[in-house]
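K.L.:
Data: data_28.txt, compact mmCIF, C-alpha atoms and all ligand atoms.
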# COMPACT_ATOMS: atom_id res chain seq x y z
CA MET A 216 -40.40 -5.58 12.72
CA THR A 217 -36.67 -5.73 12.17
CA THR A 218 -35.44 -8.72 10.22
CA LYS A 219 -31.84 -9.68 10.71
CA LYS A 220 -29.80 -8.85 7.66
CA GLU A 221 -28.08 -11.74 5.91
CA ARG A 222 -24.32 -11.75 6.08
CA VAL A 223 -21.96 -11.21 3.15
CA PHE A 224 -18.21 -11.77 3.09
CA SER A 225 -15.69 -10.93 0.42
CA GLY A 226 -12.00 -10.32 0.03
CA ILE A 227 -9.68 -8.52 -2.35
CA GLN A 228 -5.94 -8.93 -2.88
CA PRO A 229 -3.72 -5.98 -2.03
CA SER A 230 -1.86 -6.58 -5.28
CA GLY A 231 -1.25 -3.10 -6.62
CA ASP A 232 -3.66 -0.89 -8.49
CA ILE A 233 -7.31 -1.78 -8.56
CA HIS A 234 -8.68 -1.60 -12.11
CA ILE A 235 -12.07 -1.06 -13.74
CA GLY A 236 -12.50 -4.84 -14.01
CA ASN A 237 -12.24 -5.19 -10.21
CA TYR A 238 -14.56 -2.24 -9.83
CA MET A 239 -17.30 -3.33 -12.23
CA GLY A 240 -16.90 -7.02 -11.42
CA ALA A 241 -16.89 -6.82 -7.64
CA ILE A 242 -16.39 -3.59 -5.70
CA LYS A 243 -19.45 -1.83 -7.13
CA LYS A 244 -21.50 -4.78 -5.91
CA TRP A 245 -19.76 -4.63 -2.51
CA VAL A 246 -20.91 -1.04 -2.11
CA GLU A 247 -24.50 -1.78 -3.15
CA LEU A 248 -24.75 -4.71 -0.75
CA THR A 249 -23.97 -2.52 2.28
CA ASP A 250 -27.53 -1.14 1.99
CA THR A 251 -29.22 -4.53 2.20
CA HIS A 252 -26.84 -6.90 3.97
CA GLU A 253 -24.46 -7.15 6.90
CA CYS A 254 -21.19 -6.88 4.98
CA ILE A 255 -17.71 -7.96 5.99
CA TYR A 256 -14.93 -7.06 3.57
CA CYS A 257 -11.30 -7.95 3.85
CA ILE A 258 -7.97 -6.92 2.32
CA VAL A 259 -6.37 -10.34 2.08
CA ASP A 260 -2.68 -9.79 2.85
CA ASP A 261 -2.25 -13.36 4.15
CA HIS A 262 -3.21 -14.51 0.66
CA ALA A 263 -0.88 -12.02 -1.01
CA ILE A 264 2.19 -13.59 0.62
CA THR A 265 1.60 -16.98 -1.04
CA VAL A 266 3.52 -15.79 -4.11
CA ASP A 267 6.91 -14.12 -4.26
CA TYR A 268 6.54 -10.59 -2.83
CA ASP A 269 8.52 -7.73 -1.35
CA PRO A 270 7.84 -7.31 2.40
CA ALA A 271 8.97 -3.67 2.18
CA LEU A 272 6.21 -2.90 -0.33
CA LEU A 273 3.33 -4.88 1.14
CA PRO A 274 2.25 -2.34 3.80
CA GLN A 275 1.79 0.33 1.11
CA ARG A 276 -0.25 -2.07 -1.01
CA THR A 277 -2.42 -3.08 1.90
CA PHE A 278 -3.05 0.58 2.75
CA ASP A 279 -3.70 1.42 -0.92
CA GLY A 280 -6.17 -1.46 -1.17
CA ALA A 281 -8.18 -0.15 1.77
CA LEU A 282 -7.99 3.38 0.41
CA ALA A 283 -9.11 2.27 -3.04
CA VAL A 284 -12.23 0.44 -1.90
CA MET A 285 -13.14 3.39 0.31
CA ALA A 286 -12.61 5.70 -2.67
CA CYS A 287 -14.99 3.49 -4.66
CA GLY A 288 -17.68 4.45 -2.18
CA LEU A 289 -17.37 1.79 0.49
CA ASP A 290 -18.27 3.41 3.81
CA PRO A 291 -16.45 1.73 6.71
CA GLU A 292 -19.31 2.82 8.99
CA LYS A 293 -21.77 0.78 6.94
CA CYS A 294 -19.74 -2.44 6.83
CA ALA A 295 -16.72 -4.08 8.46
CA LEU A 296 -13.67 -3.35 6.32
CA PHE A 297 -10.48 -4.80 7.74
CA VAL A 298 -7.10 -6.36 7.00
CA GLN A 299 -6.97 -10.16 7.13
CA SER A 300 -3.73 -10.50 9.13
CA HIS A 301 -5.12 -8.19 11.84
CA VAL A 302 -7.56 -10.96 12.78
CA PRO A 303 -5.30 -13.96 13.47
CA GLU A 304 -8.26 -16.36 13.74
CA HIS A 305 -8.17 -16.61 9.92
CA THR A 306 -4.93 -18.56 9.98
CA GLU A 307 -5.90 -20.61 13.02
CA LEU A 308 -9.09 -21.80 11.35
CA THR A 309 -7.11 -22.58 8.20
CA TRP A 310 -5.01 -25.09 10.11
CA LEU A 311 -8.06 -26.76 11.57
CA PHE A 312 -9.72 -26.91 8.14
CA ASN A 313 -6.53 -28.42 6.71
CA THR A 314 -7.33 -31.53 8.73
CA VAL A 315 -10.64 -32.11 6.92
CA THR A 316 -9.57 -31.01 3.42
CA PRO A 317 -8.72 -33.81 0.96
CA LEU A 318 -5.40 -33.36 -0.86
CA GLY A 319 -7.12 -34.46 -4.05
CA SER A 320 -9.53 -31.54 -3.93
CA LEU A 321 -6.69 -29.04 -3.67
CA PHE A 322 -4.77 -30.59 -6.56
CA ARG A 323 -7.83 -30.01 -8.72
CA MET A 324 -7.82 -26.23 -8.16
CA THR A 325 -7.15 -24.58 -11.50
CA GLN A 326 -5.79 -21.35 -10.01
CA PHE A 327 -3.10 -23.30 -8.17
CA LYS A 328 -2.19 -25.25 -11.29
CA ASP A 329 -2.04 -22.06 -13.35
CA LYS A 330 0.12 -20.20 -10.85
CA ALA A 331 2.42 -23.18 -10.33
CA ARG A 332 2.81 -23.64 -14.07
CA ASN A 333 3.55 -19.95 -14.52
CA ALA A 334 6.50 -20.33 -12.16
CA LEU A 335 7.97 -23.05 -14.39
CA GLN A 336 7.26 -20.96 -17.46
CA ARG A 337 9.06 -17.99 -15.91
CA ALA A 338 12.12 -20.14 -15.29
CA LEU A 339 12.06 -21.17 -18.95
CA ASN A 340 11.70 -17.58 -20.10
CA THR A 341 14.65 -16.23 -18.14
CA ARG A 342 17.40 -14.93 -20.33
CA GLN A 343 20.17 -15.99 -17.96
CA GLY A 344 21.11 -19.49 -19.01
CA GLY A 345 21.35 -20.96 -15.50
CA ALA A 346 17.74 -21.06 -14.36
CA ARG A 347 16.59 -21.98 -17.83
CA LYS A 348 19.01 -24.89 -18.18
CA THR A 349 18.15 -26.21 -14.75
CA ALA A 350 14.45 -26.12 -15.59
CA LEU A 351 15.02 -27.91 -18.90
CA PHE A 352 17.19 -30.59 -17.28
CA GLN A 353 14.61 -31.09 -14.57
CA LEU A 354 11.87 -31.50 -17.12
CA LYS A 355 13.89 -33.99 -19.14
CA ASN A 356 14.76 -36.04 -16.06
CA ILE A 357 11.19 -36.08 -14.87
CA GLY A 358 10.01 -37.10 -18.32
CA LEU A 359 12.43 -40.04 -18.41
CA LYS A 360 11.51 -41.09 -14.89
CA MET A 361 7.81 -40.95 -15.78
CA ARG A 362 8.39 -43.12 -18.84
CA ASP A 363 10.07 -45.81 -16.72
CA LEU A 364 7.40 -45.66 -14.07
CA MET A 365 4.61 -45.98 -16.61
CA GLY A 366 6.36 -48.98 -18.16
CA ASP A 367 6.53 -50.71 -14.77
CA LEU A 368 2.92 -49.92 -14.10
CA HIS A 369 1.80 -51.57 -17.33
CA ALA A 370 2.36 -55.22 -16.42
CA ASP A 371 1.06 -54.86 -12.88
CA VAL A 372 -2.14 -53.17 -13.95
CA ASP A 373 -2.82 -55.96 -16.45
CA GLU A 374 -2.25 -58.55 -13.73
CA LEU A 375 -4.72 -57.05 -11.28
CA ASN A 376 -8.18 -58.52 -11.75
CA PRO A 377 -10.69 -57.02 -9.30
CA THR A 378 -13.36 -59.70 -9.89
CA SER A 379 -11.06 -62.69 -9.32
CA PRO A 380 -11.58 -64.48 -5.95
CA TYR A 381 -7.85 -64.53 -4.91
CA LYS A 382 -7.97 -67.45 -2.45
CA GLY A 383 -5.21 -69.04 -0.33
CA GLU A 384 -1.70 -68.47 -1.70
CA GLN A 385 -3.17 -66.12 -4.25
CA GLU A 386 -4.00 -63.77 -1.38
CA LEU A 387 -0.29 -63.15 -0.79
CA VAL A 388 0.25 -62.40 -4.48
CA LEU A 389 -2.59 -59.91 -4.37
CA THR A 390 -1.23 -58.13 -1.28
CA GLU A 391 2.14 -57.67 -2.95
CA LEU A 392 0.65 -56.62 -6.24
CA VAL A 393 -1.55 -54.02 -4.60
CA ALA A 394 1.31 -52.62 -2.54
CA ARG A 395 3.51 -52.39 -5.65
CA LEU A 396 0.84 -50.72 -7.70
CA ASN A 397 0.08 -48.24 -4.97
CA ASP A 398 3.76 -47.35 -4.55
CA ARG A 399 4.22 -46.82 -8.24
CA MET A 400 1.15 -44.68 -8.58
CA GLY A 401 2.36 -42.62 -5.64
CA ALA A 402 5.69 -42.12 -7.42
CA VAL A 403 3.94 -41.20 -10.66
CA MET A 404 1.81 -38.67 -8.80
CA GLN A 405 4.85 -37.13 -7.16
CA HIS A 406 6.73 -36.79 -10.43
CA LEU A 407 3.71 -35.56 -12.32
CA GLN A 408 3.45 -32.66 -9.89
CA VAL A 409 7.08 -31.79 -10.30
CA GLY A 410 6.46 -31.83 -14.02
CA LEU A 411 3.73 -29.26 -13.69
CA GLY A 412 5.99 -26.95 -11.71
CA VAL A 413 4.16 -27.82 -8.54
CA ALA A 414 7.25 -28.91 -6.64
CA GLU A 415 8.53 -25.34 -6.61
CA ALA A 416 5.24 -23.79 -5.49
CA SER A 417 4.86 -23.22 -1.75
CA VAL A 418 2.53 -25.13 0.53
CA GLY A 419 0.95 -21.74 1.22
CA LEU A 420 -0.02 -21.32 -2.42
CA PHE A 421 -1.42 -24.85 -2.39
CA ASP A 422 -3.41 -24.05 0.75
CA TYR A 423 -4.74 -20.73 -0.59
CA PRO A 424 -8.28 -22.06 -1.11
CA VAL A 425 -8.44 -23.40 2.46
CA LEU A 426 -7.49 -19.97 3.83
CA GLN A 427 -10.23 -18.53 1.63
CA ALA A 428 -12.73 -21.04 3.05
CA ALA A 429 -11.62 -20.03 6.55
CA ASP A 430 -12.13 -16.33 5.67
CA ILE A 431 -15.73 -16.95 4.71
CA LEU A 432 -16.70 -19.55 7.29
CA LEU A 433 -15.14 -17.72 10.23
CA TYR A 434 -18.10 -15.38 9.80
CA LYS A 435 -20.50 -18.15 8.72
CA ALA A 436 -21.28 -16.02 5.69
CA PRO A 437 -23.84 -17.59 3.36
CA TRP A 438 -23.18 -15.06 0.56
CA VAL A 439 -19.99 -14.16 -1.24
CA PRO A 440 -19.87 -11.55 -4.03
CA VAL A 441 -16.96 -12.54 -6.29
CA GLY A 442 -16.26 -13.04 -9.98
CA GLU A 443 -17.01 -16.36 -11.64
CA ASP A 444 -13.30 -17.22 -11.61
CA GLN A 445 -13.73 -17.84 -7.88
CA GLU A 446 -16.51 -20.41 -8.29
CA GLN A 447 -14.13 -23.34 -7.87
CA HIS A 448 -12.80 -21.91 -4.62
CA LEU A 449 -16.36 -21.56 -3.33
CA GLU A 450 -17.01 -25.18 -4.26
CA LEU A 451 -14.07 -26.12 -2.07
CA CYS A 452 -15.45 -23.89 0.68
CA ARG A 453 -18.72 -25.85 0.56
CA GLU A 454 -16.84 -29.15 0.63
CA VAL A 455 -14.80 -28.09 3.66
CA ALA A 456 -17.94 -26.93 5.51
CA GLU A 457 -19.75 -30.16 4.68
CA ARG A 458 -16.90 -32.38 5.83
CA PHE A 459 -16.40 -30.37 8.98
CA ASN A 460 -20.10 -30.45 9.82
CA ARG A 461 -20.35 -34.19 9.20
CA LYS A 462 -17.54 -34.90 11.64
CA PHE A 463 -17.93 -32.20 14.27
CA GLY A 464 -21.56 -31.06 14.13
CA ASP A 465 -23.56 -28.53 12.20
CA ILE A 466 -21.62 -25.30 12.52
CA PHE A 467 -21.08 -23.89 9.03
CA PRO A 468 -23.47 -22.85 6.24
CA ALA A 469 -23.22 -23.75 2.55
CA THR A 470 -21.82 -20.63 0.94
CA GLN A 471 -23.08 -19.30 -2.37
CA ARG A 472 -21.70 -16.81 -4.83
CA ILE A 473 -23.55 -13.59 -5.52
CA ARG A 474 -23.20 -12.88 -9.20
CA GLY A 475 -22.45 -9.35 -10.32
CA GLU A 476 -24.34 -7.89 -13.26
CA THR A 477 -21.22 -8.18 -15.36
CA ALA A 478 -19.96 -11.70 -15.87
CA LYS A 479 -16.37 -11.26 -16.98
CA ILE A 480 -14.53 -8.15 -18.04
CA ILE A 481 -12.10 -8.71 -20.86
CA GLY A 482 -8.88 -6.70 -20.87
CA LEU A 483 -7.71 -4.20 -23.49
CA ASP A 484 -6.00 -7.02 -25.39
CA GLY A 485 -9.52 -8.22 -26.21
CA LYS A 486 -8.55 -11.76 -25.26
CA GLN A 487 -7.98 -12.44 -21.58
CA LYS A 488 -9.65 -11.42 -18.37
CA MET A 489 -8.68 -7.91 -17.29
CA SER A 490 -5.78 -8.47 -14.94
CA LYS A 491 -2.96 -6.39 -13.51
CA SER A 492 -0.37 -9.04 -14.33
CA LEU A 493 -1.38 -9.04 -18.02
CA ASN A 494 -1.01 -5.26 -18.32
CA ASN A 495 -4.39 -5.02 -20.09
CA THR A 496 -6.15 -2.79 -17.56
CA ILE A 497 -7.34 0.72 -16.86
CA GLY A 498 -6.75 1.63 -13.22
CA ILE A 499 -9.57 3.22 -11.24
CA LEU A 500 -7.28 6.11 -10.35
CA ASP A 501 -5.97 6.69 -13.89
CA SER A 502 -6.24 10.25 -15.24
CA TYR A 503 -8.20 11.09 -18.37
CA GLU A 504 -4.97 11.31 -20.38
CA GLU A 505 -3.88 7.93 -19.07
CA ILE A 506 -7.24 6.36 -19.96
CA GLU A 507 -6.98 7.77 -23.48
CA ARG A 508 -3.43 6.54 -23.84
CA ARG A 509 -4.35 3.02 -22.66
CA LEU A 510 -7.35 2.80 -24.99
CA LYS A 511 -5.56 3.95 -28.14
CA PRO A 512 -3.89 0.61 -28.98
CA ALA A 513 -6.73 -1.49 -27.52
CA TYR A 514 -8.07 -4.41 -29.56
CA THR A 515 -11.27 -3.87 -31.57
CA ASP A 516 -13.34 -5.84 -34.11
CA PRO A 517 -10.64 -7.65 -36.15
CA ARG A 518 -12.84 -7.72 -39.26
CA ARG A 519 -12.87 -3.95 -39.47
CA LEU A 520 -9.73 -2.93 -41.33
CA ARG A 521 -10.69 0.45 -42.78
CA ARG A 522 -12.69 3.20 -41.12
CA ASP A 523 -15.67 2.81 -43.48
CA ASP A 524 -15.79 -1.00 -43.18
CA PRO A 525 -18.97 -2.00 -41.36
CA GLY A 526 -18.06 -3.04 -37.79
CA HIS A 527 -19.56 -5.70 -35.52
CA PRO A 528 -20.16 -4.09 -32.13
CA GLU A 529 -21.12 -7.38 -30.49
CA ASP A 530 -17.68 -8.79 -31.35
CA CYS A 531 -15.80 -5.74 -30.13
CA ASN A 532 -14.48 -5.43 -26.59
CA ILE A 533 -14.56 -1.63 -26.80
CA PHE A 534 -18.31 -1.85 -27.31
CA ALA A 535 -18.53 -4.27 -24.34
CA LEU A 536 -16.88 -1.56 -22.24
CA HIS A 537 -19.27 1.07 -23.64
CA LYS A 538 -22.13 -1.07 -22.36
CA LEU A 539 -20.62 -0.83 -18.88
CA PHE A 540 -19.74 2.84 -18.89
CA SER A 541 -21.90 4.68 -21.47
CA SER A 542 -25.65 5.39 -21.38
CA PRO A 543 -28.03 3.06 -23.28
CA GLU A 544 -28.76 5.89 -25.73
CA ALA A 545 -25.08 6.45 -26.40
CA CYS A 546 -24.60 2.69 -26.84
CA ALA A 547 -27.41 2.51 -29.40
CA GLU A 548 -25.90 5.39 -31.35
CA ILE A 549 -22.43 3.88 -31.23
CA ALA A 550 -23.67 0.46 -32.32
CA GLU A 551 -25.40 2.03 -35.31
CA GLY A 552 -22.45 4.19 -36.29
CA CYS A 553 -20.07 1.24 -35.99
CA SER A 554 -22.14 -1.25 -37.99
CA GLN A 555 -22.74 1.31 -40.74
CA GLY A 556 -19.10 2.26 -40.89
CA THR A 557 -19.76 5.91 -40.10
CA LEU A 558 -18.18 5.95 -36.62
CA GLY A 559 -14.45 5.22 -36.61
CA CYS A 560 -12.74 3.14 -33.94
CA LEU A 561 -10.65 6.08 -32.81
CA GLU A 562 -13.65 8.29 -32.20
CA CYS A 563 -15.47 5.41 -30.55
CA LYS A 564 -12.53 4.99 -28.17
CA GLN A 565 -12.47 8.71 -27.43
CA ARG A 566 -16.13 8.60 -26.44
CA LEU A 567 -15.35 5.61 -24.23
CA ALA A 568 -12.50 7.49 -22.56
CA VAL A 569 -14.93 10.29 -21.69
CA SER A 570 -17.51 7.84 -20.29
CA ILE A 571 -14.95 6.00 -18.17
CA ASP A 572 -13.49 9.27 -16.96
CA THR A 573 -16.94 10.49 -15.91
CA HIS A 574 -17.33 7.34 -13.80
CA LEU A 575 -13.89 7.53 -12.29
CA ALA A 576 -13.70 11.27 -11.52
CA PRO A 577 -15.55 11.07 -8.16
CA ILE A 578 -13.48 8.00 -7.20
CA ARG A 579 -10.26 9.89 -7.96
CA ASP A 580 -11.49 12.85 -5.89
CA ARG A 581 -12.30 10.69 -2.88
CA ALA A 582 -8.94 8.92 -3.21
CA GLU A 583 -7.16 12.25 -3.15
CA THR A 584 -8.99 13.33 -0.01
CA LEU A 585 -8.19 10.05 1.72
CA ARG A 586 -4.56 10.22 0.66
CA ALA A 587 -4.38 13.60 2.41
CA ASN A 588 -6.04 12.09 5.51
CA PRO A 589 -4.49 8.64 5.96
CA SER A 590 -5.77 8.42 9.53
CA ARG A 591 -9.29 8.10 8.13
CA VAL A 592 -8.30 4.94 6.32
CA ILE A 593 -6.57 3.58 9.42
CA ALA A 594 -9.59 4.40 11.61
CA GLY A 595 -11.84 2.69 9.05
CA ILE A 596 -9.94 -0.59 9.10
CA GLU A 597 -9.54 -0.47 12.88
CA HIS A 598 -13.29 -0.13 13.30
CA GLY A 599 -13.70 -3.05 10.90
CA ARG A 600 -11.17 -5.16 12.78
CA GLU A 601 -13.05 -4.72 16.04
CA GLN A 602 -16.32 -5.87 14.51
CA ALA A 603 -14.78 -8.77 12.61
CA SER A 604 -12.77 -9.86 15.61
CA ARG A 605 -15.83 -10.11 17.84
CA ILE A 606 -17.44 -12.62 15.47
CA ALA A 607 -14.19 -14.48 14.76
CA VAL A 608 -13.43 -15.06 18.44
CA GLU A 609 -16.91 -16.46 18.98
CA THR A 610 -16.71 -18.87 16.02
CA MET A 611 -13.28 -20.11 17.08
CA ARG A 612 -14.55 -20.88 20.58
CA GLU A 613 -17.32 -22.97 19.06
CA VAL A 614 -14.95 -24.71 16.64
CA ARG A 615 -12.32 -25.58 19.26
CA ASP A 616 -15.01 -26.99 21.55
CA ALA A 617 -16.44 -29.10 18.73
CA MET A 618 -12.98 -30.43 17.85
CA GLY A 619 -11.92 -31.13 21.41
CA ILE A 620 -8.98 -28.74 21.42
CA GLY A 621 -8.18 -25.48 23.21
CA LYS A 622 -8.00 -24.68 26.89
CA ASN A 623 -11.71 -25.01 27.41
CA ALA A 624 -11.61 -28.69 26.42
CA LEU A 625 -9.58 -29.38 29.59
CA ALA A 626 -11.80 -27.33 31.91
CA LYS A 627 -13.30 -30.45 33.48
CA PHE A 628 -9.96 -31.64 34.90
N1 LIG B 1 -9.24 -15.32 -3.93
C1 LIG B 1 -9.97 -14.08 -4.04
C2 LIG B 1 -9.55 -13.39 -5.35
O1 LIG B 1 -8.44 -13.59 -5.82
C3 LIG B 1 -9.72 -13.17 -2.87
C4 LIG B 1 -10.28 -13.73 -1.61
C5 LIG B 1 -9.59 -14.18 -0.54
C6 LIG B 1 -11.65 -13.88 -1.30
N2 LIG B 1 -10.44 -14.62 0.43
C7 LIG B 1 -11.71 -14.44 0.00
C8 LIG B 1 -12.83 -13.61 -2.00
C9 LIG B 1 -12.92 -14.76 0.60
C10 LIG B 1 -14.04 -13.91 -1.38
C11 LIG B 1 -14.08 -14.47 -0.10
O2 LIG B 1 -10.32 -12.64 -5.88
Represent the structure from my file as structure tokens, please.
Ligand code: TRP

P.N.:
Amino acid sequence: MTTKKERVFSGIQPSGDIHIGNYMGAIKKWVELTDTHECIYCIVDDHAITVDYDPALLPQRTFDGALAVMACGLDPEKCALFVQSHVPEHTELTWLFNTVTPLGSLFRMTQFKDKARNALQRALNTRQGGARKTALFQLKNIGLKMRDLMGDLHADVDELNPTSPYKGEQELVLTELVARLNDRMGAVMQHLQVGLGVAEASVGLFDYPVLQAADILLYKAPWVPVGEDQEQHLELCREVAERFNRKFGDIFPATQRIRGETAKIIGLDGKQKMSKSLNNTIGILDSYEEIERRLKPAYTDPRRLRRDDPGHPEDCNIFALHKLFSSPEACAEIAEGCSQGTLGCLECKQRLAVSIDTHLAPIRDRAETLRANPSRVIAGIEHGREQASRIAVETMREVRDAMGIGKNALAKF
């Protein structure tokens, strides 16, 4: 008996070099899942253009992204690996989903708020006075405006009494009061967003999670292997599916995250998530020398000042990385040496460099081969596009029919 394999969808940004956090947190799982599931994987270039980017560099990044996941062991014959913008149904479904997505849900997305705030922060950090001054003036003006608006709101809010009967002439007073309150709250909301740097962010960045929901639901994928930082986006994906289904009929599944074995990989700064933009990573294609060089200044147990101080492996990010890359026996030995103060941090890092290098060597080799044969990468993503497209076209037909749009809706005339 052949049972139909369950479908998996995931995406990765073509944002420069893929690092060991991406690999351990997601791509390794992607590869494993191709043995047990029907897997659809996507290089999300439509997502990449929601922040400032260089159109001359994007094609290289997109290609490098596909090459990197293939180098990590992803076989394009065993899954559908493709580039998002090559299947235009992703953006079409996004528009249709926009019509059932509440604004309020999108404003709650922490990734959007973070990215939007970062833009304001960047303006404040610029050394040229112009942008910085403008940002400061804007902030001041918004602050003053907010203060006035809140003052106005005060009296009106006190006046509104939801349990009062409001009969006869009172009814007119209520109508005016409610309209005034609503206007003022609208103005507060608008200014609050400007204050957070949201006014400068693009609608595309705001809509990012809806595009992500469209990615997943276009293939009706019930399973999505991503890091826990994406949980909020998957929540939105479930909300969109639910709202769509309620209005237009049961078409989409409730998507769930597949957790990787490793929850969150902390960067070499020992503080934040490993991330390209924080420069706290080791790239999957880094050479042994590069790995060593990156590890040297990496953060360790802060309580260990001298080599023979007893260390605390469980509080050390280097040990956390050993647990990912070194054998259990090696880890046990390292933990003992560290806590007894017999193994120095430098030596511990050197052993880690060797372990990481052992993991990455075959990936580097495959990357080199692919780099010499770019047509293999192109053929891989073309094969993936064909498979993805077949499903996407089918789902869109169903969706347009359910929503009463598209040429087919007029077939009866
Ligand atoms: N937002 C995801 C990330 O930054 C990338 C992504 C886009 C994605 N579309 C997706 C992940 C669909 C899973 C499913 O990691």

K.L.:
Calculate how many Å separate atom CA of A:Phe327 from atom CA of A:Leu272, rounding to one decimal.

P.N.:
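That distance, rounded to one decimal, is 23.8 Å.
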
K.L.:
Quick one: of A:Lys355, A:Lys435, A:Lys330, A:Arg323, who's nearest to A:Thr610, counting only C-alpha atoms?

P.N.:
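Selected residue with least distance to A:Thr610: A:Lys435.
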
K.L.:
Tell me, in Å to one decimal, how far atom O2 of ligand LIG 1 (chain B) is from atom CA of A:Tyr268.

P.N.:
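Here the two named atoms are 17.3 Å from each other.
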
K.L.:
Could you put an axis-aligned box around every listed atom of ligand LIG 1 (chain B), padded by 8 Å on each side, and send me its centre and edge lengths in Å to one decimal, as lines of an AutoDock Vina configuration file?

P.N.:
center_x = -11.3
center_y = -14.0
center_z = -2.6
size_x = 21.6
size_y = 18.7
size_z = 22.5

K.L.:
Could you report the residues within 8 Å of ligand LIG 1 (chain B), using all atoms listed in the file, as a ChimeraX atom specification?

P.N.:
/A:224-228,257-259,262,423-424,426-428,430-431,439-442,444-445,448

K.L.:
For a test of reading the model, state the distance in Å between atom CA of A:Val372 and atom CA of A:Asn356, rounded to one decimal.

P.N.:
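Taking atom CA of A:Val372 as the start and atom CA of A:Asn356 as the end point, the length is 24.2 Å.
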
K.L.:
Which residues are close to A:Glu446, i.e. within 10 Å by only C-alpha atoms, leaving aside same-chain residues fewer than 6 positions away? Reply as a PyMOL selection string.

P.N.:
chain A and resi 452+471-472

K.L.:
Quick one: residues within 12 Å of A:Arg605, all atoms listed in the file counted, chain neighbours fewer than 3 positions away excluded, as number ranges by chain?

P.N.:
A: 295, 302, 304, 433-434, 598-602, 608-612

K.L.:
Restricting the calculation to all atoms listed in the file: of A:Asp501, A:Asp267, A:Leu359, A:Asp530, which residue gets closest to A:Glu415?

P.N.:
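The shortest atom-to-atom distance to A:Glu415 comes from A:Asp267.
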
K.L.:
So that I can see what lies close to A:Gly498, please list as an mmCIF file with C-alpha atoms, in the coordinates of the input the residues with an atom at most 8 Å from it, counting only C-alpha atoms and leaving out residues fewer than 4 positions away in the same chain.

P.N.:
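In the end it all went to out33.cif:
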data_model
loop_
_atom_site.group_PDB
_atom_site.id
_atom_site.type_symbol
_atom_site.label_atom_id
_atom_site.label_comp_id
_atom_site.auth_asym_id
_atom_site.auth_seq_id
_atom_site.Cartn_x
_atom_site.Cartn_y
_atom_site.Cartn_z
ATOM 1 C CA ASP A 232 -3.660 -0.890 -8.490
ATOM 2 C CA ILE A 233 -7.310 -1.780 -8.560
ATOM 3 C CA HIS A 234 -8.680 -1.600 -12.110
ATOM 4 C CA ILE A 235 -12.070 -1.060 -13.740
#

K.L.:
What residues have an atom no more than 10 Å from (-17.9, 0.3, -18.3) in the file's own frame, counting only C-alpha atoms, and can you write them as a list of chain:residue names?

P.N.:
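Applying the cut-off with only C-alpha atoms, one gets A:Ile235, A:Gly236, A:Tyr238, A:Met239, A:Thr477, A:Ile480, A:Ile533, A:Phe534, A:Ala535, A:Leu536, A:His537, A:Lys538, A:Leu539, A:Phe540, A:Ser541, A:Ser542, A:Leu567, A:Ala568, A:Ser570, A:Ile571, A:His574.
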
K.L.:
In terms of the shortest atom-to-atom distance over all atoms listed in the file, which of A:Leu387, A:Ile473, A:Ile481, A:Cys563 is closest to A:Glu551?

P.N.:
A:Cys563

K.L.:
Closest to A:Tyr256 among A:Leu282, A:Leu321, A:Ala603, A:Leu396, using all atoms listed in the file?

P.N.:
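Going through A:Leu282, A:Leu321, A:Ala603, A:Leu396 one by one, the smallest distance to A:Tyr256 is for A:Ala603.
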
K.L.:
Give me the residues within 6 Å of stretch 219-223 of chain A as an NGL selection string, counting all atoms listed in the file and dropping any in the same chain fewer than 5 places off.

P.N.:
:A and (252-254 or 436 or 438-439)

K.L.:
Which of these, A:Arg522, A:Asn532, A:Gln405, A:Ile620, has the shortest distance to A:Ile357 once you count all atoms listed in the file?

P.N.:
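The shortest atom-to-atom distance to A:Ile357 comes from A:Gln405.
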
K.L.:
Using only C-alpha atoms, find the one residue out of A:Ala370, A:Ala582, A:Val393, A:Cys560 that sits nearest to A:Ala281.

P.N.:
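Of the candidates, the smallest distance to A:Ala281 is held by A:Ala582.
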
K.L.:
I want to know what sits within 7 Å of A:Ile596, based on only C-alpha atoms, with residues of the same chain fewer than 3 positions away left out; could you give that as a PyMOL selection string?

P.N.:
chain A and resi 296-298+592-593+599-600

K.L.:
My structure is short of atoms at stretch 457-462 of chain A; please model N, CA and C atoms there, returning them as a PDB file, keeping the file's coordinate frame.

P.N.:
ATOM      1  N   GLU A 457     -19.004 -28.908   4.612  1.00  0.00           N
ATOM      2  CA  GLU A 457     -19.750 -30.160   4.680  1.00  0.00           C
ATOM      3  C   GLU A 457     -18.992 -31.215   5.461  1.00  0.00           C
ATOM      4  N   ARG A 458     -17.714 -31.363   5.152  1.00  0.00           N
ATOM      5  CA  ARG A 458     -16.900 -32.380   5.830  1.00  0.00           C
ATOM      6  C   ARG A 458     -16.735 -32.050   7.309  1.00  0.00           C
ATOM      7  N   PHE A 459     -16.535 -30.778   7.578  1.00  0.00           N
ATOM      8  CA  PHE A 459     -16.400 -30.370   8.980  1.00  0.00           C
ATOM      9  C   PHE A 459     -17.700 -30.679   9.734  1.00  0.00           C
ATOM     10  N   ASN A 460     -18.809 -30.258   9.153  1.00  0.00           N
ATOM     11  CA  ASN A 460     -20.100 -30.450   9.820  1.00  0.00           C
ATOM     12  C   ASN A 460     -20.400 -31.924  10.057  1.00  0.00           C
ATOM     13  N   ARG A 461     -20.058 -32.769   9.084  1.00  0.00           N
ATOM     14  CA  ARG A 461     -20.350 -34.190   9.200  1.00  0.00           C
ATOM     15  C   ARG A 461     -19.592 -34.780  10.396  1.00  0.00           C
ATOM     16  N   LYS A 462     -18.368 -34.320  10.577  1.00  0.00           N
ATOM     17  CA  LYS A 462     -17.540 -34.900  11.640  1.00  0.00           C
ATOM     18  C   LYS A 462     -17.759 -34.235  12.999  1.00  0.00           C
TER      19      LYS A 462
END
